[in-house]
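Worksheet: the structure to be examined is printed underneath.
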Amino acid sequence: MVIHLKNTIAETTAQQLGQQFQAIVSKEADYFVLVTPFALKTLPDAVLPFVQAAWPMDSDIQLASKNYKTELRKIRWGNTEIGGNTNHTVVIAGPCSIESWEQIESVAKLLKSLNISTLRAGCYKPRTSPYTFQGLGLEGLKMLAEVRRQYGLNIITEVKDSSHIEEVIEYTDIIQIGAKAMYDHSILRRCGEIRKPVLLKRGFGTTLQEFVQSAEFILSGGNSEVILCERGIRTFETKTRFTFDLCGAAWLKQYTNCPVILDPSHAMGYAYGVPDLAKASVAFGCDGLLIEVHPNPKVAKSDAAQQLDFEVFTNLMGDIRNIAVAVGREII
Ligand code: PEP
Ligand code: MN
């Protein structure tokens, strides 16, 4: 159950009630919020004088549930807004990994020329092999900060484990939690304590229930700015890297109040399919798109097969702007 206490209730009382109901206590504006296990369906009469409003829940998808907040969360970084009633599809694009200043600067220039405000690039890469490129680490974060300064772009980069979480929080505008880190409770809990948007990717073997419950770790910590990202799940199919779960995305849109970003690049795993999936995603009405683009994909140090070159990406931007108009949305 989600409980809003009256704004006259002091923290000590909120904490006592929290203990009584095994609830997580956080503060929103000028009142305390309690989230109890969903099994609690009614409150004892003695507690009612403390309570402003309460929402019984049917599962531990609670703060992210439309049963609690029917309005889509509006999340902002820089001058970019996502969710709420904006009707935007925000394009976030960039290479899988930052590899050099020349590489990231050429992508930054491309994004600027296409009026895209947010650059993605990984510095700490969650690779499946220890023998492959692991990312530039702190050096990469510093280059991203320089790109932001010179080009006025906002930055999203991923945290892979808790050893570098503070650096990522310090340097980035949006924190990306990758598919493999989605279950890392130290990352999730730390992201609950901060006030920056978090893009949480769905693990490729994760049910929707588990995925949104991971988001609850962040939301219940007091950070209300969580964006959910579908990036493909593992199925019996091996011809494509993953299977793009648009059914799952439709479910997230219907039942959760978090903006949904779709990532066709990691789902498909091959550049040839990414434009078509991106077009479908815009028609679908996603709040955002995450696309990998690289000046020379053939020599990319990670995810080489799936990154778009500049020409394909530029054409795709033209196509999706037209599709967005047709479905009453706008690409920003
Ligand atoms: C990425 O965005 O480059 C990435 C590693 O994604 P995922 O966590 O979805 O595999
Ligand atoms: Mn990648």
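Chains: A, B, ... in order of the structure tokens. Residues: from 1 per chain. Ligands: from 1, in order shown.
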
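The binding environment of ligand 1, defined as every protein, DNA or RNA residue with an atom no more than 6 Å away and counting only C-alpha atoms and all ligand atoms, comprises Cys96, Gly178, Ala179, Lys180, Lys201, Arg231 and His266 of chain A.
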
**Request:** Identify, with DSSP run on backbone atoms, the residues in range 95-267 of chain A assigned to strand (DSSP E), and express the list as a VMD selection string.
**Result:** chain A and resid 118 to 120 154 to 159 174 to 177 198 to 201 226 to 230 260 to 262

Could I get the residue neighbourhood of ligand 2 at 10 Å, counting only C-alpha atoms and all ligand atoms, as a short mmCIF file (atom, residue, chain, number, x, y, z; two decimals) with C-alpha atoms, in the first residue's frame?
```cif
data_model
loop_
_atom_site.label_atom_id
_atom_site.label_comp_id
_atom_site.auth_asym_id
_atom_site.auth_seq_id
_atom_site.Cartn_x
_atom_site.Cartn_y
_atom_site.Cartn_z
CA GLY A 94 25.65 8.02 -29.80
CA PRO A 95 28.22 5.27 -29.96
CA CYS A 96 28.10 2.19 -27.80
CA SER A 97 31.41 3.24 -26.19
CA ARG A 120 24.85 8.52 -25.18
CA ALA A 121 28.22 6.77 -24.85
CA GLY A 122 29.44 4.12 -22.42
CA LYS A 125 31.24 -1.37 -20.48
CA PRO A 126 29.58 -4.53 -19.15
CA ARG A 127 31.22 -6.86 -21.69
CA GLY A 178 22.30 -1.53 -18.08
CA ASP A 263 16.25 0.58 -27.80
CA SER A 265 19.93 -1.24 -31.50
CA HIS A 266 20.60 -3.74 -28.72
CA GLY A 269 22.06 -6.56 -32.79
CA ILE A 291 20.04 4.42 -31.00
CA GLU A 292 23.69 3.58 -31.44
CA VAL A 293 25.53 5.58 -34.10
CA LYS A 301 35.36 -1.37 -30.15
CA SER A 302 32.00 -2.67 -28.89
CA ASP A 303 28.69 -3.55 -30.56
CA ALA A 304 30.21 -3.01 -34.03
CA ALA A 305 27.54 -4.98 -35.89
CA GLN A 306 24.60 -2.93 -34.72
CA GLN A 307 25.79 0.68 -34.83
#
```

**Item:** Which of A:Leu188, A:Phe50, A:Leu17, A:Val212 sits closest to Asn257 in chain A [using only C-alpha atoms]
**Value:** A:Val212

**Prompt:** Residues at most 9 Å from Thr172 in chain A, counting only C-alpha atoms, excluding those fewer than 6 positions away in the same chain, as an MDAnalysis selection string?
**Reply:** chainID A and resid 141 144:145 154:158 196

**Prompt:** With only C-alpha atoms as the atoms that count, which of A:Phe236, A:Tyr171, A:Phe133, A:Phe310 lies nearest to Leu110 in chain A?
**Reply:**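 Among the listed residues, A:Phe310 lies closest to Leu110 in chain A.
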
**Asked** as number ranges by chain, which residues of range 32-203 of chain A does DSSP assign to helix (DSSP H, G or I)?
**Response** A: 45-50, 101-113, 138-151, 162-171, 185-193

Using only C-alpha atoms, please write the residues we just selected to a file, as a tab-separated table (two decimals), in the first residue's frame.
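The result, stored in again-v4.tsv:
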```tsv
chain	number	residue	atom	x	y	z
A	45	ASP	CA	-8.68	2.96	12.42
A	46	ALA	CA	-6.13	4.30	14.93
A	47	VAL	CA	-3.77	5.24	12.09
A	48	LEU	CA	-6.29	7.02	9.87
A	49	PRO	CA	-5.89	10.47	11.53
A	50	PHE	CA	-2.27	10.52	10.26
A	101	TRP	CA	38.02	12.51	-28.57
A	102	GLU	CA	37.87	12.53	-32.39
A	103	GLN	CA	35.19	9.84	-32.40
A	104	ILE	CA	32.94	11.49	-29.82
A	105	GLU	CA	33.40	14.96	-31.27
A	106	SER	CA	32.30	13.81	-34.72
A	107	VAL	CA	29.18	12.23	-33.19
A	108	ALA	CA	28.51	15.41	-31.19
A	109	LYS	CA	28.66	17.48	-34.39
A	110	LEU	CA	26.27	15.11	-36.13
A	111	LEU	CA	23.78	15.29	-33.26
A	112	LYS	CA	23.96	19.08	-33.21
A	113	SER	CA	23.31	19.22	-36.96
A	138	LEU	CA	37.11	8.06	-15.89
A	139	GLU	CA	39.03	9.40	-18.89
A	140	GLY	CA	35.88	8.81	-20.96
A	141	LEU	CA	33.68	10.57	-18.41
A	142	LYS	CA	35.98	13.59	-18.56
A	143	MET	CA	35.74	13.67	-22.34
A	144	LEU	CA	31.95	13.50	-22.12
A	145	ALA	CA	31.98	16.44	-19.72
A	146	GLU	CA	34.07	18.35	-22.27
A	147	VAL	CA	31.63	17.46	-25.06
A	148	ARG	CA	28.80	18.80	-22.93
A	149	ARG	CA	30.73	22.02	-22.31
A	150	GLN	CA	31.71	22.59	-25.94
A	151	TYR	CA	28.56	21.42	-27.68
A	162	SER	CA	29.14	0.21	-7.65
A	163	SER	CA	32.94	0.77	-7.83
A	164	HIS	CA	32.50	3.80	-10.11
A	165	ILE	CA	28.95	4.88	-9.30
A	166	GLU	CA	29.96	8.16	-7.67
A	167	GLU	CA	31.97	9.23	-10.73
A	168	VAL	CA	29.08	8.46	-13.06
A	169	ILE	CA	26.64	10.36	-10.85
A	170	GLU	CA	28.98	13.34	-10.78
A	171	TYR	CA	29.63	13.57	-14.52
A	185	HIS	CA	20.84	-3.49	-5.43
A	186	SER	CA	23.73	-1.26	-4.43
A	187	ILE	CA	23.36	0.63	-7.73
A	188	LEU	CA	19.57	0.75	-7.49
A	189	ARG	CA	19.58	1.96	-3.88
A	190	ARG	CA	22.23	4.61	-4.54
A	191	CYS	CA	20.24	5.87	-7.52
A	192	GLY	CA	17.24	6.18	-5.18
A	193	GLU	CA	19.15	8.68	-3.06
```

**Complete:** In terms of only C-alpha atoms, the residue from A:Thr89, A:Thr12, A:Ser59, A:Gln20 at minimal distance from Gln213 in chain A is A:Ser59

Range 167-277 of chain A near range 25-37 of chain A within 8 Å: what's each residue's closest atom pair and its distance in Å to one decimal, counting only C-alpha atoms, ordered by chain then ascending residue number, as JSON lines?
```
{"residue": "A:Ser220", "atom": "CA", "partner": "A:Ser26", "partner_atom": "CA", "distance": 6.7}
{"residue": "A:Gly221", "atom": "CA", "partner": "A:Ser26", "partner_atom": "CA", "distance": 6.4}
{"residue": "A:Gly222", "atom": "CA", "partner": "A:Ser26", "partner_atom": "CA", "distance": 5.5}
```

Keeping C-alpha atoms, export the residues of the selection given above as a JSON list (two decimals), in the first residue's frame.
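The new file selection08.json reads:
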```
[["chain", "number", "residue", "atom", "x", "y", "z"],
["A", 220, "SER", "CA", 11.00, 4.09, -3.02],
["A", 221, "GLY", "CA", 14.38, 5.60, -2.19],
["A", 222, "GLY", "CA", 12.90, 8.98, -3.07]]
```
